[in-house]
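Here is the structure we will look at, set down as structure tokens.
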Protein chains: 2
Amino acid sequence: MTFSSPERCDILDNRPIGIFDSGLGGLTCVREVMKIMPDEDIIYFGDTGRVPYGSRSSATIVKYVRQDINFLRSFDIKFIIIACGTASAAALPHITTEYDTDIIGVVDAASKRAVKATRNGRIGVLGTRGTINSGKYVEKIGKLNPDFEVVSNACPMFVPIVENGYADSEVADILAKEYLERLVERQVDTIILGCTHYPLLRNTIQKIVGNDVTLIDSGAAAAQDAKDIITRHGLRSDRKSTGRAKYYVSDTIHGFEELGSLFLSKKIDGDVAKIDIEKY
Amino acid sequence: MTFSSPERCDILDNRPIGIFDSGLGGLTCVREVMKIMPDEDIIYFGDTGRVPYGSRSSATIVKYVRQDINFLRSFDIKFIIIACGTASAAALPHITTEYDTDIIGVVDAASKRAVKATRNGRIGVLGTRGTINSGKYVEKIGKLNPDFEVVSNACPMFVPIVENGYADSEVADILAKEYLERLVERQVDTIILGCTHYPLLRNTIQKIVGNDVTLIDSGAAAAQDAKDIITRHGLRSDRKSTGRAKYYVSDTIHGFEELGSLFLSKKIDGDVAKIDIEKY
């Protein structure tokens with residue numbers, strides 16, 4: 001059947017999609033949303049005043065994520081993407097039933113994509129300490145296919161490397177070799193970049209593991225999942241023009257446009273404002 | 001005159017000294033206080049839930065520092081040391097008149113010590129972006145001796161290097177060489193380690209600059225200044241035994257004892273508790 005169901009056609013929805021991250025890494029997800037759903041409006045929140053989430057306790061992350069969601073819900077949004085590996089892994093299972101807005105994270109999306117991509121059933125996962133310690137990728141991939149082997153490694157230096165402009169450097173090469181050693185030994189053929197900062201290290205990582213290994217961009221995977229769900233629920237925009245994006249951060253907006261454009265792979269074109277996230 | 005003034009003898013004060021940092025680096029200052037004033041009680045607060053301060057805006061740092069001070073003042077303390085380069089540089093000048101407790105930071109203490117130590121009048125300063133961008137070291141040293149040259153450099157990768165166990169590694173060597181290049185070129189003979197994490201990189205730095213360059217530990221300098229002021233005001237403890245230390249953090253206490261003992265150079269011996277700093 002190629003016909004749309006009536007529900008799918010009748011409910012068009014021009015409300016924005018909310019996307020948040022602990023900082024700017026989530027802009028790699030925004031980039032993908034803009035690519036595959038260019039007509040959608042986007043509200044982005046980067047919790048730059050409290051970044052990084054990756055080294056914090058689970059309880060702290062859950063508290064922060066509730067505030068991030070409350071802030072996005074203060075707009076009339078139709079959908080939320082948690083474009084942060086740590087927040088998706090540590091908080092999403094705890095808060096998923098608390099809201100009547102659909103919320104997805106990067107863990108489920110990237111796991112599904114990796115399970116489809118692997119040929120030898122060996123999947124590597126790279127993430128922050130918070131993401132890896134949560135065990136959520138192992139759990140999710142295990143549910144999708146219990147026969148698959150998952151080799152995880154925390155890469156605590158990758159976020160500072162990216163944020164300080166060392167993505168293509170000798171230091172990045174040395175650390176990436178160290179972090180990837182066990183994954184290469186176990187001959188994984190698919191690696192989940194389980195933190196939305198890591199796509200900026202794609203070249204460095206690919207160089208070490210070789211071109212036969214598939215790298216899964218978890219932010220892009222979440223964007224694709226979001227499109228599938230929004231389309232299925234008939235909530236796509238019927239706008240005939242390009243959507244607008246608004247960006248909010250919890251620390252100074254100074255420097256956001258410069259650093260943000262690195263992640264977005266293009267100039268930040270939209271309002272940027274600072275908010276007090278502790279009020280939410 | 002070798003006699004003490006009556007005021008100095010009459011007012012002995014067994015209240016604890018409050019010390020805080022954005023995280024655990026301030027324990028290098030606690031270590032020094034324990035060494036030179038072993039009979040004093042200490043209340044330490046490490047804002048591990050909001051670390052790092054170094055990359056945040058000045059307004060955010062001032063807000064955090066007020067909360068940190070309010071927390072310490074909720075105990076009956078006699079003195080506060082800001083054992084954080086970033087907080088001392090960005091916030092101390094703004095808040096110094098707001099409290100009736102004596103508060104000192106690392107910038108003044110380390111500047112004074114560096115000005116005394118230099119032989120050629122060329123002083124290097126290493127710190128976080130927040131510390132270096134504040135220009136406070138240049139300002140302070142310029143006031144002490146306008147003829148001295150100050151060569152500053154921000155070292156944004158040093159804190160993650162220390163916190164992730166790379167203090168003695170090839171990566172630390174490469175980055176330290178890069179960060180120190182201009183200081184070596186300008187032939188500074190004294191370098192302020194303007195972040196309380198940096199004493200853990202002392203060996204790496206000394207190896208690059210050579211043994212003729214004096215490294216000033218800013219946390220230790222603040223501890224010495226605190227002793228001078230407390231003694232001058234007659235507020236030293238008259239306790240005949242070793243003081244006790246209590247440690248508070250704003251994120252999980254899990255891992256604090258292990259990582260903390262790195263900075264303290266000995267086992268953490270004292271209560272550790274988590275508090276909600278946003279309430280202060």
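Just remember, in the structure tokens the first chain shown is A, the second B, etc., residues are 1-based per chain, and ligands are 1-based in the order shown.
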>> Residues within 12 Å of Asp76 of chain B, please, as a list in words. Count only C-alpha atoms; anything in the same chain fewer than 6 positions from it doesn't count.
In response: Asp13, Asn14, Arg15, Pro16, Ile17, Gly18, Asp41, Ile42, Ile43, Asn70 and Thr101 of chain B
Filtering to N, CA, C and O atoms, could you give me those residues as a tab-separated table (two decimals), in the first residue's frame?
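After the write, result26.tsv holds the following:
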```tsv
chain	number	residue	atom	x	y	z
B	13	ASP	N	41.50	31.41	68.00
B	13	ASP	CA	40.26	31.13	67.27
B	13	ASP	C	40.30	29.73	66.70
B	13	ASP	O	41.05	29.45	65.76
B	14	ASN	N	39.50	28.85	67.27
B	14	ASN	CA	39.52	27.44	66.81
B	14	ASN	C	38.50	27.13	65.73
B	14	ASN	O	38.28	25.96	65.38
B	15	ARG	N	37.87	28.17	65.17
B	15	ARG	CA	36.93	27.92	64.07
B	15	ARG	C	37.69	27.44	62.84
B	15	ARG	O	38.86	27.75	62.66
B	16	PRO	N	37.02	26.69	61.99
B	16	PRO	CA	37.73	26.16	60.82
B	16	PRO	C	38.02	27.21	59.75
B	16	PRO	O	37.40	28.27	59.72
B	17	ILE	N	38.96	26.87	58.88
B	17	ILE	CA	39.25	27.66	57.67
B	17	ILE	C	38.43	27.04	56.53
B	17	ILE	O	38.41	25.82	56.38
B	18	GLY	N	37.74	27.88	55.77
B	18	GLY	CA	36.99	27.38	54.61
B	18	GLY	C	37.82	27.50	53.35
B	18	GLY	O	38.47	28.51	53.14
B	41	ASP	N	41.35	23.29	61.80
B	41	ASP	CA	40.26	22.54	61.15
B	41	ASP	C	40.01	23.14	59.77
B	41	ASP	O	40.18	24.35	59.57
B	42	ILE	N	39.56	22.31	58.85
B	42	ILE	CA	39.31	22.76	57.48
B	42	ILE	C	37.94	22.27	57.00
B	42	ILE	O	37.58	21.12	57.22
B	43	ILE	N	37.20	23.18	56.37
B	43	ILE	CA	36.00	22.78	55.63
B	43	ILE	C	36.32	23.00	54.16
B	43	ILE	O	36.59	24.13	53.74
B	70	ASN	N	28.58	31.39	50.23
B	70	ASN	CA	27.42	31.25	51.11
B	70	ASN	C	27.39	29.89	51.79
B	70	ASN	O	27.06	29.77	52.97
B	101	THR	N	33.58	38.18	56.22
B	101	THR	CA	34.63	37.17	56.43
B	101	THR	C	35.83	37.55	55.54
B	101	THR	O	35.63	37.99	54.41
```
List as a tab-separated table every residue of segment 82-140 of chain B that is in contact with segment 151-168 of chain B, defined as an atom at most 6 Å from one of its atoms (using only C-alpha atoms), together with the nearest atom pair and the distance in Å rounded to one decimal, sorted by chain and then rising number.
```
residue	atom	partner	partner_atom	distance
B:Gly124	CA	B:Val151	CA	4.7
B:Val125	CA	B:Ser152	CA	4.5
B:Leu126	CA	B:Asn153	CA	5.2
B:Gly127	CA	B:Ala154	CA	5.2
B:Thr128	CA	B:Ala154	CA	5.2
B:Arg129	CA	B:Ala154	CA	5.0
B:Ile132	CA	B:Ala154	CA	5.8
```
> Got a sec: who's within 8 Å of segment 219-236 of chain A, counting only C-alpha atoms, leaving out chain neighbours fewer than 2 positions off, as a ChimeraX atom specification?
Replying inline: /A:7-14,26,28-30,32-33,36-37,40,78-79,81,83-84,104-106,109-110,113,195-196,216-217,238
> Residues of segment 68-260 of chain B in helix (DSSP H, G or I) according to DSSP, as a PyMOL selection string?
Replying inline: chain B and resi 68-73+85-90+92-95+106-117+129-134+136-144+158-163+170-185+198-209+218-232+256-260
Give me the chain B side of the contact with chain A, cut-off 6 Å, one line per residue showing its nearest atom pair and distance in Å at one decimal, counting only C-alpha atoms, sorted by chain and residue number, as a tab-separated table.
```
residue	atom	partner	partner_atom	distance
B:Arg50	CA	A:Arg50	CA	5.8
B:Ser57	CA	A:Thr252	CA	5.7
B:Val171	CA	A:Val171	CA	5.7
B:Thr252	CA	A:Ser57	CA	5.7
```
